[in-house]
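Raw structure_2.txt, compact mmCIF, C-alpha atoms and all ligand atoms:
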# COMPACT_ATOMS: atom_id res chain seq x y z
CA MET A 16 61.57 -22.14 43.05
CA HIS A 17 62.73 -21.82 39.46
CA LEU A 18 60.36 -23.25 36.88
CA LYS A 19 63.36 -25.07 35.45
CA ASN A 20 63.71 -26.99 38.73
CA ILE A 21 60.01 -27.77 38.78
CA LYS A 22 60.29 -29.18 35.29
CA GLU A 23 63.11 -31.48 36.42
CA ILE A 24 61.51 -32.57 39.69
CA VAL A 25 58.28 -33.74 38.05
CA ASN A 26 59.98 -34.79 34.81
CA ALA A 27 57.78 -32.53 32.70
CA GLU A 28 57.77 -31.79 29.02
CA VAL A 29 57.55 -28.09 28.10
CA LEU A 30 54.72 -27.36 25.66
CA ALA A 31 54.67 -23.59 25.42
CA TYR A 32 56.79 -20.50 26.14
CA GLU A 33 59.96 -22.35 27.06
CA GLU A 34 61.79 -18.97 27.10
CA GLY A 35 60.16 -18.23 30.44
CA LEU A 36 61.64 -21.21 32.32
CA ASP A 37 64.19 -19.03 34.12
CA MET A 38 61.42 -17.33 36.05
CA GLU A 39 60.74 -18.12 39.67
CA ILE A 40 57.48 -18.89 41.45
CA LEU A 41 56.85 -19.19 45.17
CA THR A 42 53.61 -21.14 45.56
CA ALA A 43 51.41 -23.68 43.79
CA PHE A 44 47.69 -24.46 43.64
CA GLY A 45 46.17 -27.67 42.29
CA SER A 46 42.56 -27.71 41.05
CA ASP A 47 40.33 -28.61 38.13
CA LEU A 48 37.83 -25.96 39.19
CA MET A 49 38.69 -22.70 37.48
CA SER A 50 36.21 -20.76 39.63
CA ASP A 51 38.11 -21.91 42.71
CA VAL A 52 41.38 -20.86 41.11
CA LEU A 53 39.84 -17.45 40.43
CA ALA A 54 38.55 -17.26 44.01
CA TYR A 55 41.66 -18.34 45.93
CA VAL A 56 44.80 -17.65 43.92
CA GLU A 57 46.14 -14.19 44.58
CA GLU A 58 49.89 -14.18 44.39
CA ASP A 59 51.96 -15.46 41.53
CA THR A 60 51.34 -19.17 41.68
CA LEU A 61 51.94 -22.31 39.63
CA LEU A 62 48.60 -23.76 38.53
CA ILE A 63 48.54 -27.57 38.56
CA THR A 64 45.54 -29.07 36.78
CA GLY A 65 44.19 -31.93 34.69
CA LEU A 66 41.98 -29.63 32.60
CA THR A 67 43.42 -28.63 29.23
CA ASN A 68 40.80 -26.40 27.65
CA GLN A 69 41.04 -22.75 26.64
CA GLN A 70 39.41 -21.56 29.87
CA VAL A 71 42.46 -22.74 31.83
CA ILE A 72 44.67 -20.37 29.81
CA ARG A 73 42.11 -17.57 30.16
CA THR A 74 42.01 -18.12 33.92
CA ALA A 75 45.82 -17.89 34.10
CA GLU A 76 45.73 -14.77 31.94
CA MET A 77 43.18 -13.06 34.21
CA LEU A 78 45.31 -13.78 37.29
CA ASP A 79 48.70 -13.00 35.66
CA LEU A 80 49.90 -16.55 36.35
CA LYS A 81 53.18 -17.39 34.66
CA ALA A 82 52.91 -21.15 34.38
CA ILE A 83 50.57 -24.13 34.23
CA LEU A 84 51.52 -27.75 34.87
CA PHE A 85 49.21 -30.37 33.35
CA VAL A 86 49.08 -33.72 35.13
CA ARG A 87 48.17 -37.28 34.13
CA GLY A 88 49.92 -36.82 30.78
CA LYS A 89 47.33 -34.37 29.48
CA ILE A 90 48.30 -32.32 26.41
CA PRO A 91 46.10 -29.41 25.27
CA ALA A 92 44.91 -28.96 21.69
CA GLU A 93 46.94 -26.81 19.29
CA ASP A 94 44.69 -23.72 19.59
CA VAL A 95 45.13 -23.82 23.36
CA LEU A 96 48.93 -23.99 22.98
CA THR A 97 48.79 -21.05 20.58
CA LEU A 98 46.79 -18.94 23.02
CA ALA A 99 49.31 -19.71 25.80
CA ARG A 100 52.26 -18.71 23.60
CA GLU A 101 50.48 -15.49 22.69
CA LYS A 102 49.92 -14.73 26.39
CA ARG A 103 53.45 -15.86 27.34
CA ILE A 104 52.25 -18.51 29.73
CA ILE A 105 54.55 -21.50 30.25
CA LEU A 106 52.81 -24.85 29.76
CA MET A 107 54.30 -28.10 31.00
CA SER A 108 52.95 -31.62 31.10
CA THR A 109 53.88 -34.52 33.38
CA LYS A 110 52.75 -38.15 33.40
CA GLU A 111 52.32 -38.10 37.19
CA SER A 112 49.01 -37.51 39.01
CA LEU A 113 48.05 -34.27 40.76
CA PHE A 114 48.60 -35.86 44.18
CA THR A 115 52.03 -37.21 43.27
CA VAL A 116 53.40 -33.99 41.74
CA SER A 117 52.04 -32.00 44.68
CA GLY A 118 53.97 -34.27 47.04
CA MET A 119 57.14 -34.11 44.96
CA LEU A 120 57.09 -30.32 44.76
CA TYR A 121 56.12 -29.85 48.40
CA THR A 122 58.98 -32.08 49.56
CA ASN A 123 61.32 -29.94 47.50
CA GLY A 124 60.20 -26.74 49.21
CA LEU A 125 57.35 -25.37 47.11
CA LYS A 126 54.49 -24.21 49.34
CA GLY A 127 50.73 -24.03 48.91
CA ILE A 128 48.84 -20.74 49.01
CA SER A 129 47.10 -19.63 52.18
CA ILE A 130 43.33 -19.97 51.89
CA MET B 15 22.51 -4.45 48.60
CA GLN B 16 22.80 -1.53 46.18
CA SER B 17 20.35 -1.14 43.34
CA TYR B 18 21.35 -1.32 39.69
CA TYR B 19 21.81 2.08 38.18
CA LYS B 20 23.95 3.24 35.29
CA ASP B 21 25.93 6.32 36.21
CA GLU B 22 26.71 8.24 33.01
CA ASN B 23 28.66 11.00 34.81
CA ASN B 24 32.39 11.53 34.23
CA VAL B 25 32.91 8.64 31.85
CA ALA B 26 36.36 9.04 30.28
CA MET B 27 36.11 5.92 28.13
CA LYS B 28 33.43 3.34 27.41
CA LEU B 29 33.95 -0.24 26.24
CA HIS B 30 31.16 -2.44 24.93
CA PHE B 31 31.18 -6.21 24.25
CA ASP B 32 28.49 -8.60 23.09
CA VAL B 33 28.68 -12.05 24.64
CA ILE B 34 26.96 -14.93 22.88
CA LYS B 35 25.23 -17.84 24.58
CA ASP B 36 27.10 -21.18 24.45
CA ASP B 37 30.02 -19.64 22.52
CA PHE B 38 32.63 -21.57 24.52
CA SER B 39 35.48 -21.02 22.08
CA ARG B 40 35.31 -17.23 22.51
CA ALA B 41 34.45 -17.16 26.21
CA GLY B 42 37.00 -14.93 27.88
CA GLU B 43 37.81 -12.82 24.84
CA ALA B 44 35.89 -9.80 26.09
CA SER B 45 37.59 -9.99 29.50
CA SER B 46 40.96 -10.33 27.81
CA LYS B 47 40.34 -7.21 25.71
CA ILE B 48 39.11 -5.29 28.74
CA LYS B 49 42.25 -6.27 30.66
CA ASN B 50 44.55 -5.24 27.82
CA THR B 51 42.85 -1.87 27.40
CA LEU B 52 43.03 -1.13 31.12
CA ARG B 53 46.67 -2.23 31.27
CA GLN B 54 47.50 0.33 28.59
CA LEU B 55 45.92 2.96 30.82
CA ALA B 56 48.51 2.02 33.47
CA ILE B 57 45.99 0.79 36.01
CA ASP B 58 47.60 -0.90 39.03
CA ALA B 59 48.19 -4.67 38.61
CA ASN B 60 46.15 -5.61 41.67
CA LEU B 61 43.12 -3.61 40.55
CA LEU B 62 43.58 -5.03 37.08
CA ARG B 63 43.41 -8.55 38.45
CA ARG B 64 40.25 -7.82 40.46
CA ILE B 65 38.58 -6.29 37.41
CA ALA B 66 39.68 -9.26 35.29
CA ILE B 67 38.19 -11.76 37.77
CA ALA B 68 34.93 -9.80 37.90
CA THR B 69 34.52 -9.47 34.14
CA TYR B 70 35.64 -13.03 33.41
CA GLU B 71 33.23 -14.69 35.86
CA ALA B 72 30.47 -12.43 34.50
CA GLU B 73 31.38 -13.31 30.93
CA ILE B 74 31.37 -17.05 31.68
CA ASN B 75 27.94 -16.68 33.33
CA LEU B 76 26.61 -14.96 30.21
CA VAL B 77 27.90 -17.84 28.09
CA ILE B 78 26.74 -20.72 30.29
CA HIS B 79 23.61 -19.38 31.99
CA SER B 80 22.08 -16.59 29.89
CA PHE B 81 20.50 -16.23 26.46
CA GLY B 82 23.32 -13.79 25.65
CA GLY B 83 24.13 -10.30 26.79
CA THR B 84 26.55 -7.41 27.02
CA ILE B 85 29.42 -6.23 29.15
CA GLU B 86 30.03 -2.50 29.32
CA VAL B 87 32.97 -0.90 31.06
CA TYR B 88 32.95 2.75 32.11
CA ILE B 89 36.41 4.06 32.86
CA LYS B 90 36.21 7.04 35.19
CA PRO B 91 38.73 9.30 36.94
CA ASP B 92 38.28 7.50 40.28
CA CYS B 93 36.97 4.04 39.42
CA VAL B 94 36.06 1.44 36.83
CA GLU B 95 32.39 0.48 36.54
CA ILE B 96 31.33 -2.79 34.94
CA TYR B 97 27.75 -3.29 33.74
CA VAL B 98 26.61 -6.77 32.76
CA GLU B 99 23.16 -7.20 31.21
CA ASP B 100 21.45 -10.15 29.59
CA CYS B 101 18.13 -10.90 27.98
CA GLY B 102 17.08 -13.82 30.13
CA PRO B 103 16.21 -16.28 31.52
CA GLY B 104 16.65 -14.36 34.79
CA ILE B 105 17.41 -15.77 38.24
CA GLU B 106 14.56 -17.14 40.32
CA ASN B 107 16.16 -16.57 43.72
CA VAL B 108 19.04 -14.09 43.68
CA GLU B 109 19.94 -14.62 47.32
CA ARG B 110 20.34 -18.35 46.75
CA ALA B 111 22.33 -17.74 43.54
CA MET B 112 24.71 -15.55 45.55
CA THR B 113 25.40 -18.39 48.02
CA LYS B 114 28.82 -20.05 47.69
CA GLY B 115 28.42 -23.45 46.10
CA PHE B 116 24.97 -22.93 44.57
CA SER B 117 24.99 -23.78 40.87
CA THR B 118 22.64 -24.94 38.15
CA ALA B 119 25.49 -25.30 35.65
CA THR B 120 25.32 -28.07 33.06
CA SER B 121 27.92 -30.77 32.57
CA ILE B 122 29.41 -28.82 29.63
CA ALA B 123 30.11 -25.86 31.91
CA ARG B 124 31.57 -28.18 34.53
CA GLU B 125 33.91 -29.75 31.98
CA MET B 126 35.31 -26.27 31.34
CA GLY B 127 36.06 -25.86 35.04
CA PHE B 128 33.01 -23.79 35.96
CA GLY B 129 29.86 -24.65 37.88
CA ALA B 130 31.42 -24.52 41.34
CA GLY B 131 28.92 -21.88 42.38
CA MET B 132 31.74 -19.48 43.22
CA GLY B 133 31.30 -16.93 40.42
CA LEU B 134 28.76 -14.50 41.85
CA PRO B 135 30.19 -14.55 45.41
CA ASN B 136 33.66 -13.92 44.00
CA MET B 137 32.41 -11.09 41.78
CA GLU B 138 30.99 -9.47 44.89
CA LYS B 139 34.21 -10.09 46.84
CA VAL B 140 36.49 -8.36 44.33
CA SER B 141 34.15 -5.37 43.87
CA ASP B 142 34.01 -2.27 46.06
CA GLU B 143 30.35 -1.93 45.09
CA PHE B 144 28.14 -4.71 43.80
CA ALA B 145 24.52 -4.67 42.66
CA ILE B 146 22.48 -7.47 41.11
CA GLU B 147 18.89 -7.33 39.93
CA SER B 148 17.10 -10.10 38.13
CA GLN B 149 13.63 -10.81 36.86
CA LEU B 150 12.46 -14.14 35.54
CA ASP B 151 11.84 -14.15 31.78
CA ILE B 152 13.34 -10.66 31.50
CA GLY B 153 16.99 -10.85 32.48
CA THR B 154 19.76 -10.13 34.91
CA GLN B 155 21.68 -6.90 35.50
CA ILE B 156 24.87 -6.66 37.48
CA LYS B 157 26.88 -3.57 38.37
CA MET B 158 30.39 -3.83 39.79
CA VAL B 159 32.57 -0.91 40.81
CA VAL B 160 36.29 -1.13 41.47
CA LYS B 161 37.82 2.03 42.95
CA TYR B 162 41.42 3.08 42.41
N1 LIG C 1 23.38 -14.34 33.89
C1 LIG C 1 22.68 -15.31 34.51
N2 LIG C 1 21.48 -15.69 34.04
C2 LIG C 1 20.78 -16.66 34.68
N3 LIG C 1 21.20 -17.32 35.77
C3 LIG C 1 22.40 -16.98 36.27
C4 LIG C 1 23.21 -15.97 35.68
N4 LIG C 1 24.34 -15.85 36.39
C5 LIG C 1 24.24 -16.75 37.40
N5 LIG C 1 23.08 -17.43 37.33
C6 LIG C 1 22.59 -18.46 38.28
O1 LIG C 1 23.29 -18.33 39.50
C7 LIG C 1 24.00 -19.53 39.82
C8 LIG C 1 25.30 -19.22 40.53
O2 LIG C 1 26.19 -18.52 39.65
P1 LIG C 1 27.76 -18.54 39.96
O3 LIG C 1 27.97 -18.14 41.37
O4 LIG C 1 28.45 -17.77 38.91
O5 LIG C 1 28.12 -20.09 39.87
P2 LIG C 1 28.25 -21.06 38.59
O6 LIG C 1 28.36 -20.21 37.36
O7 LIG C 1 29.46 -21.85 38.89
O8 LIG C 1 26.99 -21.91 38.58
C9 LIG C 1 24.15 -20.22 38.47
O9 LIG C 1 24.35 -21.61 38.59
C10 LIG C 1 22.84 -19.88 37.80
O10 LIG C 1 21.79 -20.69 38.27
MG MG C 2 29.52 -18.57 37.25
Spell out the structure here as structure tokens.
Ligand SMILES: Nc1ncnc2c1ncn2[C@@H]1O[C@H](COP(=O)(O)OP(=O)(O)O)[C@@H](O)[C@H]1O
Ligand SMILES: [Mg+2]
Amino acid sequence: MHLKNIKEIVNAEVLAYEEGLDMEILTAFGSDLMSDVLAYVEEDTLLITGLTNQQVIRTAEMLDLKAILFVRGKIPAEDVLTLAREKRIILMSTKESLFTVSGMLYTNGLKGISI
Amino acid sequence: MQSYYKDENNVAMKLHFDVIKDDFSRAGEASSKIKNTLRQLAIDANLLRRIAIATYEAEINLVIHSFGGTIEVYIKPDCVEIYVEDCGPGIENVERAMTKGFSTATSIAREMGFGAGMGLPNMEKVSDEFAIESQLDIGTQIKMVVKY
């Protein structure tokens, strides 16, 4: 699924690296536990989370993830946005909850990763 | 399990990073630099990701659990070796610490998304060779090898 479509489906605001929105991702993983993200995410996956600190960007960087979707209207601090731009990681934020966006994206064909 | 031993043979390049206790704002910087250096050496993306996971979980552990320590990377013709050493407090029961889900992390670490007790088991999983030795009041030493 194109990140552009994801943005529209969950009505997200783009916070960083908008230039990358044409890229495509195949799966998504929702978690606030970065250690679990590091343990389970292998392929190129959309990270959906309510955490907005620097470690979320670092985690995405380590795994070569292209995009992060923040839920519950969370917006990271400016230094976190700067780090994401530097690493070319797309950041988006939606007002919806993790459960709701997962359902919306799943219904539209985005799949979870295999654990 | 293997024992901790630093193999100084055939080291093409050495990287050294100091990691400071409770320095949350810089946690991950060493792993980021390691990843960038290895990428420039044209190391395969999958290996790069495994090395990044190993160094990053180790770096976070130094920040949240140790009194501070070092990460050294030995780049060799056939593998990358990662040595993580700290100066305490040491781990009382290494076997228990290696169990998935075991964690003594504080609420600050949990707020950052760590403290799931998945770090050490995952470091072992992504490594071709893994050794951990720890002594209370002295420190912890971890060796991880990722082969090309
Ligand atoms: N460098 C270290 N120094 C002291 N204790 C450590 C160190 N690394 C890990 N530990 C201990 O091992 C436990 C498990 O570590 P880990 O699997 O990384 O999970 P987590 O960091 O989420 O707690 C930690 O909670 C801690 O008690
Ligand atoms: Mg840990």
>> As a quick test: using all atoms listed in the file, which residues lie no more than 6 Å away from ligand MG 2 (chain C)? Give them as a VMD selection string.
In response: chain B and resid 71 75 133
Proximity of chain B to ligand LIG 1 (chain C): per-residue shortest pair, 10 Å limit, only C-alpha atoms and all ligand atoms, as CSV:
residue,atom,partner,partner_atom,distance
B:Glu71,CA,C:LIG1,O4,6.5
B:Ala72,CA,C:LIG1,O4,7.2
B:Glu73,CA,C:LIG1,N1,8.6
B:Ile74,CA,C:LIG1,O6,7.2
B:Asn75,CA,C:LIG1,N4,4.8
B:Leu76,CA,C:LIG1,N1,4.9
B:Val77,CA,C:LIG1,N1,8.1
B:Ile78,CA,C:LIG1,O6,7.3
B:His79,CA,C:LIG1,N2,4.7
B:Ser80,CA,C:LIG1,N2,4.3
B:Phe81,CA,C:LIG1,N2,7.7
B:Gly82,CA,C:LIG1,N1,8.3
B:Gly83,CA,C:LIG1,N1,8.2
B:Val98,CA,C:LIG1,N1,8.3
B:Glu99,CA,C:LIG1,N1,7.6
B:Asp100,CA,C:LIG1,N1,6.3
B:Cys101,CA,C:LIG1,N2,8.4
B:Gly102,CA,C:LIG1,N2,6.2
B:Pro103,CA,C:LIG1,C2,5.6
B:Gly104,CA,C:LIG1,C2,4.7
B:Ile105,CA,C:LIG1,N3,4.8
B:Glu106,CA,C:LIG1,N3,8.1
B:Asn107,CA,C:LIG1,O1,8.5
B:Val108,CA,C:LIG1,O1,7.3
B:Glu109,CA,C:LIG1,O1,9.3
B:Arg110,CA,C:LIG1,O1,7.8
B:Ala111,CA,C:LIG1,O1,4.2
B:Met112,CA,C:LIG1,O3,5.9
B:Thr113,CA,C:LIG1,O3,7.1
B:Lys114,CA,C:LIG1,O3,6.7
B:Gly115,CA,C:LIG1,O5,7.1
B:Phe116,CA,C:LIG1,C8,5.5
B:Ser117,CA,C:LIG1,O9,3.2
B:Thr118,CA,C:LIG1,O9,3.8
B:Ala119,CA,C:LIG1,O8,4.7
B:Thr120,CA,C:LIG1,O8,8.4
B:Ala123,CA,C:LIG1,O6,8.0
B:Arg124,CA,C:LIG1,O7,8.0
B:Gly127,CA,C:LIG1,O7,8.6
B:Phe128,CA,C:LIG1,O7,5.0
B:Gly129,CA,C:LIG1,O7,3.0
B:Ala130,CA,C:LIG1,O7,4.1
B:Gly131,CA,C:LIG1,O5,3.2
B:Met132,CA,C:LIG1,O3,4.4
B:Gly133,CA,C:LIG1,O4,3.3
B:Leu134,CA,C:LIG1,O3,3.8
B:Pro135,CA,C:LIG1,O3,5.8
B:Asn136,CA,C:LIG1,O3,7.6
B:Met137,CA,C:LIG1,O4,8.3
B:Glu138,CA,C:LIG1,O3,9.8
B:Ile146,CA,C:LIG1,N4,9.8
B:Ser148,CA,C:LIG1,N2,8.2
B:Gln149,CA,C:LIG1,C2,9.5
B:Leu150,CA,C:LIG1,C2,8.7
B:Asp151,CA,C:LIG1,C2,9.7
B:Ile152,CA,C:LIG1,N2,9.9
B:Gly153,CA,C:LIG1,N2,6.8
B:Thr154,CA,C:LIG1,N1,5.6
B:Gln155,CA,C:LIG1,N1,7.8
B:Ile156,CA,C:LIG1,N1,8.6
>> Env of range 19-28 of chain A: 9 Å cut, atoms = all atoms listed in the file, seq-sep filter 2 positions within chain, self excluded. Answer as an MDAnalysis selection string.
In response: chainID A and resid 16:17 30 36:39 84:85 106:111 115:116 119:120 123
>> Using only C-alpha atoms, list the residues that have an atom at most 10 Å from (50.3, -17.3, 40.1), coordinates as in the file, as a PyMOL selection string.
In response: chain A and resi 40-44+52+56-62+75-76+78-83+128
Residue selection dump (C-alpha atoms) as a JSON list (two decimals), in the coordinates of the input:
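Full text of out_10.json as output:
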[["chain", "number", "residue", "atom", "x", "y", "z"],
["A", 40, "ILE", "CA", 57.48, -18.89, 41.45],
["A", 41, "LEU", "CA", 56.85, -19.19, 45.17],
["A", 42, "THR", "CA", 53.61, -21.14, 45.56],
["A", 43, "ALA", "CA", 51.41, -23.68, 43.79],
["A", 44, "PHE", "CA", 47.69, -24.46, 43.64],
["A", 52, "VAL", "CA", 41.38, -20.86, 41.11],
["A", 56, "VAL", "CA", 44.80, -17.65, 43.92],
["A", 57, "GLU", "CA", 46.14, -14.19, 44.58],
["A", 58, "GLU", "CA", 49.89, -14.18, 44.39],
["A", 59, "ASP", "CA", 51.96, -15.46, 41.53],
["A", 60, "THR", "CA", 51.34, -19.17, 41.68],
["A", 61, "LEU", "CA", 51.94, -22.31, 39.63],
["A", 62, "LEU", "CA", 48.60, -23.76, 38.53],
["A", 75, "ALA", "CA", 45.82, -17.89, 34.10],
["A", 76, "GLU", "CA", 45.73, -14.77, 31.94],
["A", 78, "LEU", "CA", 45.31, -13.78, 37.29],
["A", 79, "ASP", "CA", 48.70, -13.00, 35.66],
["A", 80, "LEU", "CA", 49.90, -16.55, 36.35],
["A", 81, "LYS", "CA", 53.18, -17.39, 34.66],
["A", 82, "ALA", "CA", 52.91, -21.15, 34.38],
["A", 83, "ILE", "CA", 50.57, -24.13, 34.23],
["A", 128, "ILE", "CA", 48.84, -20.74, 49.01]]
>> When you count only C-alpha atoms, which of these residues is closest to Lys49 in chain B: B:Val140, B:Ala145, B:Ala66, B:Met126?
In response: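 Of all the options, B:Ala66 lies closest to Lys49 in chain B.
Candidate residues A:Ser117, A:Thr74, A:Thr122, A:Ser112 were compared for distance to Tyr70 in chain B, and the nearest is A:Thr74, using all atoms listed in the file.
Rounded to one decimal, CA of Glu95 in chain B and CA of Glu147 in chain B lie 16.0 Å from each other.
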>> Report as an NGL selection string all protein, DNA and RNA residues lying within 12 Å of Met77 in chain A, evaluated on all atoms listed in the file, omitting residues in the same chain fewer than 4 positions from it.
In response: (:A and (49-50 or 52-54 or 56-57 or 59 or 70-73 or 81 or 102 or 104)) or (:B and (42-50 or 53 or 59-71))
>> As an exercise, work out the distance from CA of Tyr121 in chain A to CA of Leu66 in chain A in Å and give it to one decimal place.
In response: 21.2 Å
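Residues with any atom within 9 Å of Arg103 in chain A, counting all atoms listed in the file and excluding same-chain neighbours fewer than 2 positions away, are A:Ala31, A:Tyr32, A:Glu34, A:Gly35, A:Lys81, A:Ala82, A:Leu98, A:Ala99, A:Arg100, A:Glu101, A:Ile105.
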>> Counting all atoms listed in the file, which residue out of B:Asn24, B:Lys139, B:Asp36, B:Leu52 sits closest to chain A?
In response: B:Lys139
> What separation in Å, quoted to one decimal, exists between CA of Val95 in chain A and CA of Tyr55 in chain A?
Replying inline: 23.5 Å
> Restricting the calculation to only C-alpha atoms, which member of B:Thr84, B:Val160, B:Val94, B:Ser17 is positioned closest to Ile34 in chain B?
Replying inline: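 The shortest atom-to-atom distance to Ile34 in chain B comes from B:Thr84.
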>> Which residue is closest to Ile90 in chain A? Choose from A:Leu125, A:Leu113, A:Gly65, A:Ser46 and count all atoms listed in the file.
In response: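 Counting all atoms listed in the file, the residue closest to Ile90 in chain A is A:Gly65.
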> For chain A, which residue among B:Ala41, B:Asn23, B:Lys35, B:Tyr18 is the nearest when counting all atoms listed in the file?
Replying inline: B:Ala41
